[in-house]
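> Can you read through this structure? Questions will come right after.
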Amino acid sequence: MDGASYQRFPKIKIREMKDDYVKFELRETDASMANALRRVMLVEVPTIAIDLVEIEVNSSVLNDEFISHRLGLIPLTSERAMNMRFSRDCDACDGDGQCEFCSVEFHLRAKCMTDQTLDVTSKDLISSDHTVVPVDFSDSAGFDSSEQRGIIIVKLRRGQELRLRAIARKGIGKDHAKWSPAATVTFMYEPEILINEDLMESLTLDEKRSFVESSPTKVFDINPHTHQVTVVDAEAYTYDEEVLKKAESMGKPGLVEICPKEDSFIFTVESTGVIKASQLVLNAIDILKRKLDAVRLSEDTVEADDQFGELGAHMRGG
Amino acid sequence: MNAPDRYERFVVPEGIKKVSYERDTKIMNAASFTIEREDHTIGNIVRMQLHRDENVLFAGYKLPHPLQYKIIVRIHTTVQSSPMQAYNQAINDLDKELDHLRNAFEAEVARHSRDY
Ligand SMILES: [Zn+2]
């Protein structure tokens, strides 16, 4: 007895795409799917971050755990993360979490020898794997690349020294936020705004102006020639209902009707730079698929029920 | 010092089944699925997918307590189906939807990288 399929075929349209930003439309699915993707992007797509620090020398003004915490928060390029092992299920190193399959080693050595303060930054971290390095923000953001020297970890004065070994591991945002690849992930329902033209024409020009201006964001505009009120940017609407309250107070309820399209979403995804934003979305889809696979019923559960439920199966006609 | 390990929120402990199934003793074709170490992410998509199945009379999920890392999905179906069948179908359909979504997104990324 095979059941009918109730599968959906969602549509995607990318509006804007940069390395660390993507904006796209998701249609013909429901909010549960949109929200599952959002939640997975935030806390379940794996990345690599420093997880263990062994300090050899630290004569800086910051204490050891303060520096360790700062190192953990440094974003590391994580294209490798999807194919890496979690240290806790790595059998190559027996839970030690220090082998090539589940970790990346970093070294940092810095000593200030002059009267000029020395900035120790993420660029001073020397990686054992050239694919896993601190994210370089200098070129993409358009800053003066000669000035930009990475993320400051600590400042040293003459004679002070910092020497350490750090182990970066694969992890997820659910464990600690340092592993989250997402800066922001949001989605909104696409609004559908309908103007009751007959009612709108009963307004004077001043009334139209005050109606248009009642919206905190620029959703409506007035045509300077025909004096007709039009929707210029439906998506600027933030579901604040200010225009509806305004219409009410003007004694014109139903002047505009605004309803969210319940199967259309506009997503904005911003990555921290550890992976491309578009890759983040794809990884989230893969992770969600893996999660669904993991919650399938096991063979023994099905068998146990078959034996238990002979009568039930008979009554179901199966 | 006695804080539980952070990974306890998402790693299924040894000897515990990821999904366990329990029939309702009073109602025909009703059952509960207890899913260990999952939350609203899985609970809500499975529930909503089950609602699309016309043989499903009831489908709901709950997260019993924020510190118990499991969800309970309850399904009641008509005699034409069974909770297990509906559950499997929902997961298969979601899986295929995500396959489709992945292809659609990849095609859009390719189109966008070409055009701009
Ligand atoms: Zn290992």
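Residue numbers start at 1 in each chain; chains themselves are named A, B, ... in the order of the structure tokens; ligands are numbered from 1 in the order shown.
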Tell me which protein, DNA and RNA residues are within 10 Å of segment 8-16 of chain A, counting only C-alpha atoms, leaving out same-chain ones fewer than 2 positions away, and put them as a count of residues only.

40

> Specify as a PyMOL selection string all residues of chain B found within 6 Å of chain A, counting only C-alpha atoms.

chain B and resi 6+41+44-45+79+93+95+97

> Within segment 122-242 of chain A, find each residue whose DSSP state, derived from the backbone, is alpha helix (DSSP H), and express the selection as a PyMOL selection string.

chain A and resi 138-141+197-201+205-213+242

> With all heavy atoms retained, could you export that selection as a short mmCIF file (atom, residue, chain, number, x, y, z; two decimals), in the first residue's frame?


data_model
loop_
_atom_site.label_atom_id
_atom_site.label_comp_id
_atom_site.auth_asym_id
_atom_site.auth_seq_id
_atom_site.Cartn_x
_atom_site.Cartn_y
_atom_site.Cartn_z
N SER A 138 39.65 42.65 3.83
CA SER A 138 40.17 43.90 3.28
C SER A 138 39.73 44.20 1.85
O SER A 138 39.26 45.29 1.57
CB SER A 138 41.70 43.91 3.36
OG SER A 138 42.21 42.75 2.74
N ASP A 139 39.84 43.22 0.93
CA ASP A 139 39.55 43.54 -0.48
C ASP A 139 38.05 43.67 -0.77
O ASP A 139 37.64 44.57 -1.49
CB ASP A 139 40.20 42.54 -1.44
CG ASP A 139 40.25 41.14 -0.88
OD1 ASP A 139 39.78 40.94 0.25
OD2 ASP A 139 40.75 40.26 -1.58
N SER A 140 37.24 42.78 -0.17
CA SER A 140 35.83 42.78 -0.53
C SER A 140 35.12 44.03 -0.05
O SER A 140 34.23 44.55 -0.72
CB SER A 140 35.15 41.54 0.03
OG SER A 140 35.21 41.56 1.44
N ALA A 141 35.48 44.52 1.12
CA ALA A 141 34.75 45.66 1.69
C ALA A 141 35.16 46.99 1.07
O ALA A 141 34.50 48.00 1.30
CB ALA A 141 34.97 45.70 3.20
N GLU A 197 -9.97 51.78 -5.52
CA GLU A 197 -9.85 53.00 -6.35
C GLU A 197 -11.05 53.94 -6.18
O GLU A 197 -10.88 55.16 -6.13
CB GLU A 197 -9.67 52.63 -7.83
CG GLU A 197 -8.43 51.81 -8.13
CD GLU A 197 -7.12 52.57 -7.94
OE1 GLU A 197 -7.15 53.79 -7.75
OE2 GLU A 197 -6.06 51.90 -7.96
N ASP A 198 -12.25 53.38 -6.10
CA ASP A 198 -13.45 54.21 -5.96
C ASP A 198 -13.38 55.05 -4.68
O ASP A 198 -13.61 56.26 -4.69
CB ASP A 198 -14.72 53.34 -5.92
CG ASP A 198 -14.96 52.68 -7.28
OD1 ASP A 198 -14.38 53.20 -8.28
OD2 ASP A 198 -15.67 51.68 -7.33
N LEU A 199 -13.01 54.35 -3.58
CA LEU A 199 -12.92 55.02 -2.29
C LEU A 199 -11.77 56.04 -2.31
O LEU A 199 -11.90 57.15 -1.78
CB LEU A 199 -12.69 53.96 -1.19
CG LEU A 199 -13.28 54.23 0.18
CD1 LEU A 199 -14.75 54.58 0.09
CD2 LEU A 199 -13.09 53.00 1.06
N MET A 200 -10.68 55.67 -2.96
CA MET A 200 -9.51 56.56 -3.02
C MET A 200 -9.85 57.84 -3.77
O MET A 200 -9.41 58.92 -3.39
CB MET A 200 -8.35 55.82 -3.71
CG MET A 200 -7.00 56.53 -3.64
SD MET A 200 -6.41 56.84 -1.97
CE MET A 200 -5.63 55.28 -1.58
N GLU A 201 -10.67 57.73 -4.82
CA GLU A 201 -11.03 58.91 -5.61
C GLU A 201 -11.94 59.86 -4.84
O GLU A 201 -12.06 61.03 -5.19
CB GLU A 201 -11.68 58.50 -6.94
CG GLU A 201 -10.65 58.12 -8.00
CD GLU A 201 -9.42 59.04 -8.00
OE1 GLU A 201 -9.58 60.25 -8.23
OE2 GLU A 201 -8.31 58.54 -7.74
N LEU A 205 -6.99 65.88 -2.49
CA LEU A 205 -5.55 65.72 -2.69
C LEU A 205 -4.80 65.78 -1.36
O LEU A 205 -3.87 65.00 -1.12
CB LEU A 205 -5.03 66.80 -3.65
CG LEU A 205 -3.55 66.69 -4.05
CD1 LEU A 205 -3.23 65.33 -4.64
CD2 LEU A 205 -3.19 67.79 -5.04
N ASP A 206 -5.23 66.69 -0.47
CA ASP A 206 -4.58 66.79 0.85
C ASP A 206 -4.76 65.51 1.66
O ASP A 206 -3.83 65.05 2.32
CB ASP A 206 -5.14 67.99 1.64
CG ASP A 206 -4.49 69.29 1.20
OD1 ASP A 206 -3.42 69.20 0.53
OD2 ASP A 206 -5.03 70.36 1.50
N GLU A 207 -5.96 64.96 1.58
CA GLU A 207 -6.23 63.71 2.30
C GLU A 207 -5.36 62.58 1.75
O GLU A 207 -4.81 61.79 2.51
CB GLU A 207 -7.71 63.31 2.17
CG GLU A 207 -8.62 64.11 3.09
CD GLU A 207 -10.08 63.75 2.90
OE1 GLU A 207 -10.53 63.62 1.74
OE2 GLU A 207 -10.77 63.60 3.92
N LYS A 208 -5.22 62.56 0.42
CA LYS A 208 -4.35 61.55 -0.20
C LYS A 208 -2.91 61.70 0.31
O LYS A 208 -2.26 60.72 0.64
CB LYS A 208 -4.36 61.69 -1.72
CG LYS A 208 -5.61 61.13 -2.39
CD LYS A 208 -5.51 61.29 -3.90
CE LYS A 208 -6.77 60.81 -4.59
NZ LYS A 208 -6.76 61.16 -6.02
N ARG A 209 -2.46 62.97 0.34
CA ARG A 209 -1.09 63.22 0.80
C ARG A 209 -0.90 62.72 2.22
O ARG A 209 0.09 62.06 2.52
CB ARG A 209 -0.78 64.72 0.74
CG ARG A 209 -0.47 65.19 -0.67
CD ARG A 209 0.47 66.38 -0.67
NE ARG A 209 0.62 66.86 -2.04
CZ ARG A 209 -0.07 67.90 -2.54
NH1 ARG A 209 -0.91 68.59 -1.78
NH2 ARG A 209 0.09 68.26 -3.81
N SER A 210 -1.84 63.06 3.10
CA SER A 210 -1.65 62.65 4.49
C SER A 210 -1.76 61.14 4.63
O SER A 210 -1.11 60.53 5.48
CB SER A 210 -2.61 63.39 5.42
OG SER A 210 -3.89 62.83 5.36
N PHE A 211 -2.54 60.52 3.76
CA PHE A 211 -2.62 59.06 3.78
C PHE A 211 -1.27 58.45 3.37
O PHE A 211 -0.71 57.60 4.06
CB PHE A 211 -3.71 58.56 2.82
CG PHE A 211 -3.69 57.07 2.61
CD1 PHE A 211 -4.21 56.21 3.55
CD2 PHE A 211 -3.11 56.53 1.46
CE1 PHE A 211 -4.15 54.84 3.37
CE2 PHE A 211 -3.05 55.16 1.28
CZ PHE A 211 -3.58 54.31 2.23
N VAL A 212 -0.71 58.95 2.27
CA VAL A 212 0.56 58.44 1.76
C VAL A 212 1.67 58.64 2.79
O VAL A 212 2.51 57.77 3.01
CB VAL A 212 0.92 59.13 0.42
CG1 VAL A 212 2.38 58.86 0.04
CG2 VAL A 212 0.00 58.65 -0.68
N GLU A 213 1.63 59.80 3.47
CA GLU A 213 2.67 60.11 4.45
C GLU A 213 2.50 59.37 5.77
O GLU A 213 3.42 59.33 6.59
CB GLU A 213 2.72 61.62 4.69
CG GLU A 213 3.53 62.32 3.60
CD GLU A 213 3.17 63.81 3.48
OE1 GLU A 213 2.64 64.39 4.45
OE2 GLU A 213 3.42 64.36 2.38
N GLU A 242 0.09 51.07 9.93
CA GLU A 242 -0.15 52.51 10.12
C GLU A 242 -1.15 53.05 9.09
O GLU A 242 -2.02 53.84 9.42
CB GLU A 242 1.17 53.29 10.04
CG GLU A 242 2.09 53.10 11.23
CD GLU A 242 1.49 53.57 12.55
OE1 GLU A 242 0.75 54.58 12.56
OE2 GLU A 242 1.76 52.91 13.57
#

> Measuring atom to atom with only C-alpha atoms, identify which of B:Glu22, B:Asp115, B:Glu38, B:Glu8 is nearest to Ile71 of chain B.

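Result for the nearest residue to Ile71 of chain B: B:Glu38.
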
> Please find the residues contacting ligand 1 at a distance of at most 6 Å between atoms, with only C-alpha atoms and all ligand atoms counted, and report them as a list in words.

Ser87, Cys90, Ala92, Cys93, Gly97, Gln98, Cys99, Phe101 and Cys102 of chain A

> When you look at Ile48 of chain A with a cut-off of 7 Å (counting only C-alpha atoms), what residues show up, excluding the ones that are within fewer than 5 positions of it in the same chain? I need them as a ChimeraX atom specification.

/A:76,78,81,168-171,179

> For the residues in that selection, give me N, CA, C and O atoms as an mmCIF file, in the first residue's frame.


data_model
loop_
_atom_site.group_PDB
_atom_site.id
_atom_site.type_symbol
_atom_site.label_atom_id
_atom_site.label_comp_id
_atom_site.auth_asym_id
_atom_site.auth_seq_id
_atom_site.Cartn_x
_atom_site.Cartn_y
_atom_site.Cartn_z
ATOM 1 N N LEU A 76 37.043 31.781 10.438
ATOM 2 C CA LEU A 76 38.014 31.060 9.613
ATOM 3 C C LEU A 76 37.304 30.531 8.371
ATOM 4 O O LEU A 76 36.172 30.045 8.473
ATOM 5 N N SER A 78 35.716 28.336 5.820
ATOM 6 C CA SER A 78 35.189 27.018 6.200
ATOM 7 C C SER A 78 34.584 26.218 5.050
ATOM 8 O O SER A 78 33.674 25.431 5.277
ATOM 9 N N ALA A 81 34.447 22.596 5.841
ATOM 10 C CA ALA A 81 33.718 22.097 7.021
ATOM 11 C C ALA A 81 32.715 20.988 6.711
ATOM 12 O O ALA A 81 32.587 20.035 7.483
ATOM 13 N N ALA A 168 41.756 24.390 15.777
ATOM 14 C CA ALA A 168 40.419 24.741 15.276
ATOM 15 C C ALA A 168 39.687 23.461 14.929
ATOM 16 O O ALA A 168 40.286 22.516 14.416
ATOM 17 N N ARG A 169 38.369 23.447 15.257
ATOM 18 C CA ARG A 169 37.577 22.251 14.987
ATOM 19 C C ARG A 169 36.267 22.609 14.307
ATOM 20 O O ARG A 169 35.826 23.757 14.348
ATOM 21 N N LYS A 170 35.671 21.594 13.739
ATOM 22 C CA LYS A 170 34.355 21.757 13.127
ATOM 23 C C LYS A 170 33.295 21.818 14.223
ATOM 24 O O LYS A 170 33.393 21.101 15.227
ATOM 25 N N GLY A 171 32.309 22.678 14.042
ATOM 26 C CA GLY A 171 31.241 22.766 15.032
ATOM 27 C C GLY A 171 30.029 23.452 14.440
ATOM 28 O O GLY A 171 30.048 23.904 13.294
ATOM 29 N N TRP A 179 30.531 29.293 15.975
ATOM 30 C CA TRP A 179 30.490 28.423 14.797
ATOM 31 C C TRP A 179 29.368 28.809 13.834
ATOM 32 O O TRP A 179 29.183 28.129 12.827
#

> Tell me, as a PDB file with N, CA and C atoms, in the first residue's frame, which residues lie within 12 Å of Leu67 of chain B, counting only C-alpha atoms; anything in the same chain fewer than 2 positions away does not count.


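Writing the result to around_37.pdb gives the following:
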ATOM      1  N   PRO B   4      25.818  20.514  32.308  1.00  0.00           N
ATOM      2  CA  PRO B   4      25.840  19.446  31.306  1.00  0.00           C
ATOM      3  C   PRO B   4      26.621  19.891  30.072  1.00  0.00           C
ATOM      4  N   ARG B   6      27.567  20.863  26.380  1.00  0.00           N
ATOM      5  CA  ARG B   6      26.734  21.561  25.394  1.00  0.00           C
ATOM      6  C   ARG B   6      26.230  20.624  24.303  1.00  0.00           C
ATOM      7  N   GLU B   8      25.105  17.812  24.493  1.00  0.00           N
ATOM      8  CA  GLU B   8      23.945  16.995  24.877  1.00  0.00           C
ATOM      9  C   GLU B   8      22.665  17.470  24.204  1.00  0.00           C
ATOM     10  N   ARG B   9      22.708  18.691  23.699  1.00  0.00           N
ATOM     11  CA  ARG B   9      21.514  19.218  23.030  1.00  0.00           C
ATOM     12  C   ARG B   9      21.292  18.621  21.656  1.00  0.00           C
ATOM     13  N   PHE B  10      22.353  18.071  21.049  1.00  0.00           N
ATOM     14  CA  PHE B  10      22.144  17.572  19.681  1.00  0.00           C
ATOM     15  C   PHE B  10      22.789  16.220  19.391  1.00  0.00           C
ATOM     16  N   ARG B  37      16.593  14.544  20.330  1.00  0.00           N
ATOM     17  CA  ARG B  37      17.539  15.581  19.880  1.00  0.00           C
ATOM     18  C   ARG B  37      17.074  16.298  18.623  1.00  0.00           C
ATOM     19  N   GLU B  38      15.794  16.567  18.531  1.00  0.00           N
ATOM     20  CA  GLU B  38      15.288  17.416  17.453  1.00  0.00           C
ATOM     21  C   GLU B  38      14.393  18.475  18.079  1.00  0.00           C
ATOM     22  N   ASP B  39      14.087  19.524  17.291  1.00  0.00           N
ATOM     23  CA  ASP B  39      13.291  20.630  17.824  1.00  0.00           C
ATOM     24  C   ASP B  39      12.279  21.117  16.791  1.00  0.00           C
ATOM     25  N   LEU B  63       7.198  20.201  21.920  1.00  0.00           N
ATOM     26  CA  LEU B  63       8.504  20.159  22.559  1.00  0.00           C
ATOM     27  C   LEU B  63       8.139  20.182  24.046  1.00  0.00           C
ATOM     28  N   PRO B  64       8.192  19.017  24.713  1.00  0.00           N
ATOM     29  CA  PRO B  64       7.616  18.948  26.059  1.00  0.00           C
ATOM     30  C   PRO B  64       8.236  19.932  27.052  1.00  0.00           C
ATOM     31  N   HIS B  65       9.552  20.138  26.944  1.00  0.00           N
ATOM     32  CA  HIS B  65      10.233  21.037  27.873  1.00  0.00           C
ATOM     33  C   HIS B  65      11.520  21.504  27.212  1.00  0.00           C
ATOM     34  N   TYR B  69      15.612  17.445  25.325  1.00  0.00           N
ATOM     35  CA  TYR B  69      15.907  17.703  23.924  1.00  0.00           C
ATOM     36  C   TYR B  69      15.236  16.691  23.016  1.00  0.00           C
ATOM     37  N   LYS B  70      13.918  16.703  23.022  1.00  0.00           N
ATOM     38  CA  LYS B  70      13.166  15.788  22.152  1.00  0.00           C
ATOM     39  C   LYS B  70      11.839  16.420  21.772  1.00  0.00           C
ATOM     40  N   ILE B  71      11.260  15.885  20.699  1.00  0.00           N
ATOM     41  CA  ILE B  71       9.913  16.317  20.319  1.00  0.00           C
ATOM     42  C   ILE B  71       9.020  15.087  20.206  1.00  0.00           C
TER      43      ILE B  71
END

> Run DSSP on the backbone of this structure and report the residues of segment 72-251 of chain A it assigns to strand (DSSP E or B), as a VMD selection string.

chain A and resid 76 103 to 111 118 to 121 126 to 127 134 152 to 156 161 to 171 182 to 195 220 to 222 229 to 231

> Would you kindly return, as a list in words, each protein, DNA or RNA residue with an atom no farther than 10 Å from any atom of Glu235 of chain A, considering only C-alpha atoms and excluding same-chain residues fewer than 5 positions away?

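Returned residues: Met188, Tyr189, Glu190, Pro191, Glu192, Ile193, Thr217, Lys218, Val219 and Ile266 of chain A.
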
> Residues of the last selection are to be written out with C-alpha atoms, as a compact mmCIF listing (two decimals), in the first residue's frame.


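What follows is the written file selection15.txt:
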# COMPACT_ATOMS: atom_id res chain seq x y z
CA MET A 188 9.26 38.16 5.08
CA TYR A 189 5.93 37.38 3.50
CA GLU A 190 5.53 39.19 0.23
CA PRO A 191 2.69 41.68 0.80
CA GLU A 192 -0.15 42.12 -1.66
CA ILE A 193 -1.54 45.65 -1.52
CA THR A 217 8.21 53.52 4.93
CA LYS A 218 7.66 54.71 1.37
CA VAL A 219 5.04 52.27 0.11
CA ILE A 266 11.66 37.16 0.41

> With only C-alpha atoms as the counted atoms, please give the residues lying no more than 7 Å from Val57 of chain A, apart from itself and same-chain residues fewer than 4 positions off, as JSON, numbers by chain.

{"A": [161, 162, 163, 164]}

> Give me, as a count of residues only, all polymer residues having an atom no more than 7 Å from Ile126 of chain A, counting only C-alpha atoms and skipping those fewer than 3 positions away in the same chain.

3

> Do you have the atom CA of Thr117 of chain A-atom CA of Val154 of chain A distance handy?

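These two atoms are separated by 10.3 Å.
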
> Given the choices B:Met1, B:Ile91, B:Glu36, B:Ser82, which gets closest to Met48 of chain B if the distance is worked out from only C-alpha atoms?

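Smallest distance to Met48 of chain B is found for B:Ile91.
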
> Can you measure atom CA of Ala277 of chain A to atom CA of Thr238 of chain A for me? One decimal in Å is fine.

24.2 Å
